[in-house]
Structures are given as C-alpha cells and as structure tokens.
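What follows is a short report on a single structure.
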Amino acid sequence: MRWRSAVLLLSAALAASLLSAPAEATPPPAAHASAANRPISVGPQYDTTHVYVTPGSLQAFVTSWESTFGGTNTAAVLTDVTPTPSRTLSELVLSPVGTLSVFDFQTPIPYPFGVERTGWLTTDLDAAVKSALSAGADVEVAPFDDPIGKDAVIEFPGGIHTQLYWHTTPPHYAPLATVPENRLYVSAYAASALLRSCLRFTRAHITSDNHKADGAAIGLPGTTYRRIAIESGFGKTVVTVTNGHLPYPFGREQTGYEVSDLTATLDKARAAGATVLWGPVTAGGRTSALVQFPGGYIAEIHGTALR
C-alpha cells in the first residue's frame, strides 16, 4: 500500500539507488553489530499519511488540501498497488506540513488494506520487517514487490497498522516546514505493549508523558487522560490513552498538522470546501481543531506546538 507514492513516483525524477553492497556470506560479529545499529528510517518527509477518499473525490480532496496548506502533487495514476488484483487512482501530495498518499479505489479494497495509517520509507525492507518482528509487532502483509520497490504491512500491539516500503531508487523531497504527528488512540490495557514495541522498532524516545492531560483537547472538558509524545527518525507520534468513551470525531483523525496561524488556516480550509467539525479549543498549551476535507479525510490542525 505504500500505494502509493511508490507508483506515483514513476512520474517524478528519482536519483541514486538505495541498494547496499552485498553482505558477506558469513559476516564477522562486528558486521552484525553494525547492521543492528544501522538506521531503518529515512526522514519524516518520506513518511506519508494514507488517505483513502470516497470514490470520485480524489481531485476535490487534493485541491482543498493544497488550497489550505499549499504544496504540489503528482499526476493521478490508475494502477494496482496491492499484492492481489485491485485498481485505484493514486496521487502523492507534497505539502509543507506533511506528505500524503491518496487513494481513490475503483474496485473493492483487498483486506487488510485501508486500515494502515501511514507508509514509512525504510533503508532496508527485509531488515525492517525482521526488526518489527523482534519488537513484538506482527507482519500482517508479507513483503511484496511493487513497480519500483517493495512493501509490507505491520501491526503493533493495540491494533496500530503501518505500511513499510523501500524504493530501488530513492525519492528526494525537501524537508518539511513542520513535522506532523501520527495520532494513535489506545486503551490503558494496550498502552504499555504498544510503547515497548513502537519504541524498540522506531528507536524513538519519549519527549513527554502526561498522565493528567487536559481532556478538553479530546472533546472531554473537565476530565484528564494520558498523553505520550514520541519522536524518532520516522517523525512525531502522539499516543492518546483513554477508556474509549470519546465524542465524535476524536479517534477518527489520523494525523495532526502544525501551522503558524490556526485561524487563517481554518478560514482557508472552509473556503476550500472543508468542514470544521470541532474547535478551535485551547488546552494543554496549544489551540487545535478537527477538520474534515472533501473525500472524508479528518485531520487535527494545531497552532502552538506542544511536545
């Protein structure tokens, strides 16, 4: 499913190969140690949110998004991006606040595609899959070939799905103006297992862990919840730990986007056909809102960054 930009990047200019030199048949211990420490992430500008729009709304979504945040996009391509037969229009959106892989399926979506939240570029897909397994994640979709690389889908404890991908020839994107947040909602029962697995795989570190975060930030003023912020080579992640008693649309948003002027951004979004579903509300040091774009995609947008 890195549905994707992989296919979409056929229309972009790509540079030198990611392929590493062949390994020795029996590497010495030092080589094993070096491989274990080798980064598997490439950079947050290469890690995309997977947006599945309602059929027929691809261009309406892309136009609305770019009118709100700016950015560029590749031409839509009709292709098969799954290991079993399917057809989707695919388009890559490169915006200052984050990269998106957008899919407008023309056929039913093969299981389990559609549940993965993001696509993460890796330096070595096979090594990344082995690392995921050793970190306690499941490989829900085994590695498969796409036109310009390989893909797999993993599942972290708590039911969090992520696509991993690798390109034969690497893409080259400019750094982001602001790094988006992968927003995860889990129960208190799954939180510890998710953190152990995710931190080990991504080689991340926790930047904050607030057990008494202001519930107004998730539509529950007068309550508290646990909010964990994580950073790694794959970007930022916010884990929201709750009892699941969430008002709509919380938990439906996949990604949070930071902007310098939230009021102006929301005005642009409304003018571009998006709907503000909630907020803006100030809680925990920042002001945020939830916005639904044409095609159904729901995003959190915030002003002042909160670590």
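Order determines the names: the first chain of the structure tokens is A, the second B, and so forth; residues in each chain are numbered 1 upward, and ligands are numbered 1 upward as they are shown.
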
Where does DSSP see helix (DSSP H, G or I) in stretch 93-156 of chain A, if you list the residues as a PyMOL selection string? chain A and resi 125-134

Export of the given selection (N, CA and C atoms) as a compact mmCIF listing (two decimals), in the first residue's frame:
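And here is the file that came out, out_13.txt:
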# COMPACT_ATOMS: atom_id res chain seq x y z
N LEU A 125 14.00 -2.98 3.59
CA LEU A 125 12.69 -3.51 3.98
C LEU A 125 12.81 -4.83 4.73
N ASP A 126 13.66 -5.73 4.25
CA ASP A 126 13.78 -7.02 4.93
C ASP A 126 14.29 -6.85 6.35
N ALA A 127 15.27 -5.95 6.53
CA ALA A 127 15.77 -5.69 7.88
C ALA A 127 14.69 -5.05 8.74
N ALA A 128 13.87 -4.17 8.15
CA ALA A 128 12.81 -3.52 8.90
C ALA A 128 11.76 -4.53 9.35
N VAL A 129 11.42 -5.46 8.49
CA VAL A 129 10.45 -6.49 8.86
C VAL A 129 10.98 -7.36 9.99
N LYS A 130 12.24 -7.75 9.91
CA LYS A 130 12.84 -8.54 10.99
C LYS A 130 12.86 -7.75 12.29
N SER A 131 13.15 -6.46 12.19
CA SER A 131 13.16 -5.61 13.37
C SER A 131 11.77 -5.49 13.98
N ALA A 132 10.75 -5.38 13.13
CA ALA A 132 9.38 -5.29 13.62
C ALA A 132 8.99 -6.56 14.37
N LEU A 133 9.34 -7.70 13.82
CA LEU A 133 9.02 -8.96 14.49
C LEU A 133 9.73 -9.07 15.83
N SER A 134 11.00 -8.68 15.87
CA SER A 134 11.74 -8.77 17.12
C SER A 134 11.23 -7.77 18.15

Could you list, as a ChimeraX atom specification, every residue within 9 Å of stretch 211-213 of chain A, counting only C-alpha atoms and ignoring same-chain residues fewer than 5 positions away? /A:223-228,241,283-284

Just list the residues in stretch 56-247 of chain A DSSP gives strand (DSSP E or B) on the backbone, as an MDAnalysis selection string. chainID A and resid 72:73 77:79 88:95 98:105 118:122 138:146 149:156 160:167 181:187 205:214 224:232 235:242

Mind checking which residues fall within 6 Å of stretch 150-162 of chain A, counting only C-alpha atoms, ignoring those fewer than 6 positions away in the same chain, and posting them as number ranges by chain? A: 116-118, 137-144, 190, 193-194

Which residues come within 12 Å of A:Asp267, counting only C-alpha atoms, excluding same-chain residues fewer than 4 positions away, as a ChimeraX atom specification? /A:64,67-69,261-263,271-276,280,289,291

Write a file of the selected residues as a short mmCIF file (atom, residue, chain, number, x, y, z; two decimals), in the first residue's frame, keeping all heavy atoms.
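Result saved to selection-v7.cif:
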data_model
loop_
_atom_site.label_atom_id
_atom_site.label_comp_id
_atom_site.auth_asym_id
_atom_site.auth_seq_id
_atom_site.Cartn_x
_atom_site.Cartn_y
_atom_site.Cartn_z
N SER A 64 -8.61 20.94 -2.26
CA SER A 64 -8.93 21.52 -0.96
C SER A 64 -7.70 21.54 -0.06
O SER A 64 -7.41 22.54 0.62
CB SER A 64 -10.07 20.75 -0.31
OG SER A 64 -10.38 21.27 0.97
N SER A 67 -5.12 24.11 -1.27
CA SER A 67 -5.62 25.46 -1.04
C SER A 67 -5.47 25.85 0.42
O SER A 67 -5.32 27.04 0.75
CB SER A 67 -7.09 25.57 -1.46
OG SER A 67 -7.24 25.35 -2.84
N THR A 68 -5.50 24.87 1.29
CA THR A 68 -5.38 25.12 2.73
C THR A 68 -3.92 25.23 3.17
O THR A 68 -3.55 26.13 3.92
CB THR A 68 -6.07 23.99 3.52
OG1 THR A 68 -7.44 23.91 3.14
CG2 THR A 68 -5.97 24.24 5.02
N PHE A 69 -3.09 24.30 2.72
CA PHE A 69 -1.71 24.22 3.22
C PHE A 69 -0.64 24.56 2.19
O PHE A 69 0.53 24.72 2.55
CB PHE A 69 -1.44 22.79 3.72
CG PHE A 69 -2.28 22.38 4.88
CD1 PHE A 69 -3.30 21.45 4.72
CD2 PHE A 69 -2.07 22.91 6.15
CE1 PHE A 69 -4.09 21.05 5.79
CE2 PHE A 69 -2.85 22.52 7.23
CZ PHE A 69 -3.86 21.58 7.05
N ASP A 261 -0.50 29.97 11.89
CA ASP A 261 -1.69 30.79 12.15
C ASP A 261 -2.92 29.90 11.98
O ASP A 261 -3.40 29.68 10.86
CB ASP A 261 -1.74 31.97 11.17
CG ASP A 261 -2.83 32.98 11.50
OD1 ASP A 261 -3.87 32.57 12.06
OD2 ASP A 261 -2.66 34.17 11.18
N LEU A 262 -3.42 29.38 13.09
CA LEU A 262 -4.54 28.44 13.01
C LEU A 262 -5.80 29.09 12.47
O LEU A 262 -6.51 28.51 11.65
CB LEU A 262 -4.81 27.84 14.40
CG LEU A 262 -5.97 26.84 14.47
CD1 LEU A 262 -5.72 25.65 13.57
CD2 LEU A 262 -6.19 26.38 15.92
N THR A 263 -6.09 30.32 12.91
CA THR A 263 -7.31 30.99 12.44
C THR A 263 -7.31 31.16 10.94
O THR A 263 -8.30 30.85 10.25
CB THR A 263 -7.45 32.36 13.13
OG1 THR A 263 -7.55 32.18 14.54
CG2 THR A 263 -8.70 33.09 12.63
N ALA A 271 -13.01 27.88 3.10
CA ALA A 271 -13.18 28.42 1.75
C ALA A 271 -12.90 27.37 0.68
O ALA A 271 -13.42 27.47 -0.44
CB ALA A 271 -12.24 29.61 1.56
N ALA A 272 -12.12 26.35 1.04
CA ALA A 272 -11.76 25.30 0.09
C ALA A 272 -12.68 24.08 0.20
O ALA A 272 -12.37 23.02 -0.34
CB ALA A 272 -10.31 24.88 0.31
N GLY A 273 -13.79 24.22 0.92
CA GLY A 273 -14.78 23.15 0.97
C GLY A 273 -14.65 22.20 2.13
O GLY A 273 -15.39 21.21 2.21
N ALA A 274 -13.74 22.46 3.07
CA ALA A 274 -13.59 21.61 4.25
C ALA A 274 -14.56 22.08 5.34
O ALA A 274 -15.06 23.21 5.31
CB ALA A 274 -12.16 21.65 4.76
N THR A 275 -14.79 21.21 6.32
CA THR A 275 -15.71 21.50 7.42
C THR A 275 -14.97 21.39 8.74
O THR A 275 -14.27 20.39 8.99
CB THR A 275 -16.88 20.49 7.42
OG1 THR A 275 -17.57 20.55 6.17
CG2 THR A 275 -17.85 20.80 8.55
N VAL A 276 -15.10 22.41 9.58
CA VAL A 276 -14.52 22.34 10.93
C VAL A 276 -15.50 21.58 11.81
O VAL A 276 -16.59 22.05 12.10
CB VAL A 276 -14.24 23.75 11.49
CG1 VAL A 276 -13.69 23.65 12.92
CG2 VAL A 276 -13.26 24.50 10.59
N PRO A 280 -12.08 25.77 17.16
CA PRO A 280 -10.83 25.59 17.89
C PRO A 280 -11.00 25.71 19.41
O PRO A 280 -11.82 26.48 19.89
CB PRO A 280 -9.93 26.70 17.35
CG PRO A 280 -10.87 27.74 16.87
CD PRO A 280 -12.09 27.03 16.39
N ALA A 289 -8.02 22.20 16.33
CA ALA A 289 -9.34 21.96 15.76
C ALA A 289 -9.27 20.68 14.95
O ALA A 289 -8.19 20.23 14.55
CB ALA A 289 -9.77 23.12 14.87
N VAL A 291 -10.76 18.95 11.43
CA VAL A 291 -11.30 19.39 10.15
C VAL A 291 -11.50 18.19 9.23
O VAL A 291 -10.63 17.31 9.15
CB VAL A 291 -10.35 20.41 9.49
CG1 VAL A 291 -10.86 20.82 8.12
CG2 VAL A 291 -10.18 21.64 10.39
#

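Among A:Leu199, A:Ile206, A:Ile218, A:Ile230, the residue with the shortest atom-to-atom distance to A:Thr282, counting only C-alpha atoms, is A:Ile218.
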
Contacts of A:Pro110 within 10 Å, only C-alpha atoms, excl. fewer than 5 positions in-chain, as a ChimeraX atom specification: /A:82-86

Calculate how many Å separate atom CA of A:Glu300 from atom CA of A:Tyr111, rounding to one decimal. 26.8 Å

Between atom CA of A:Ile298 and atom CA of A:Gly70, what is the spacing in Å? 17.5 Å

Nearest to A:Glu253 by atom-to-atom distance, counting only C-alpha atoms, from A:Arg196, A:Ser208, A:Pro221, A:Glu181: A:Glu181

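Among the candidates A:Gly233, A:Pro294, A:Gly244, A:Pro171, the one nearest to A:Ser187 when counting only C-alpha atoms is A:Gly244.
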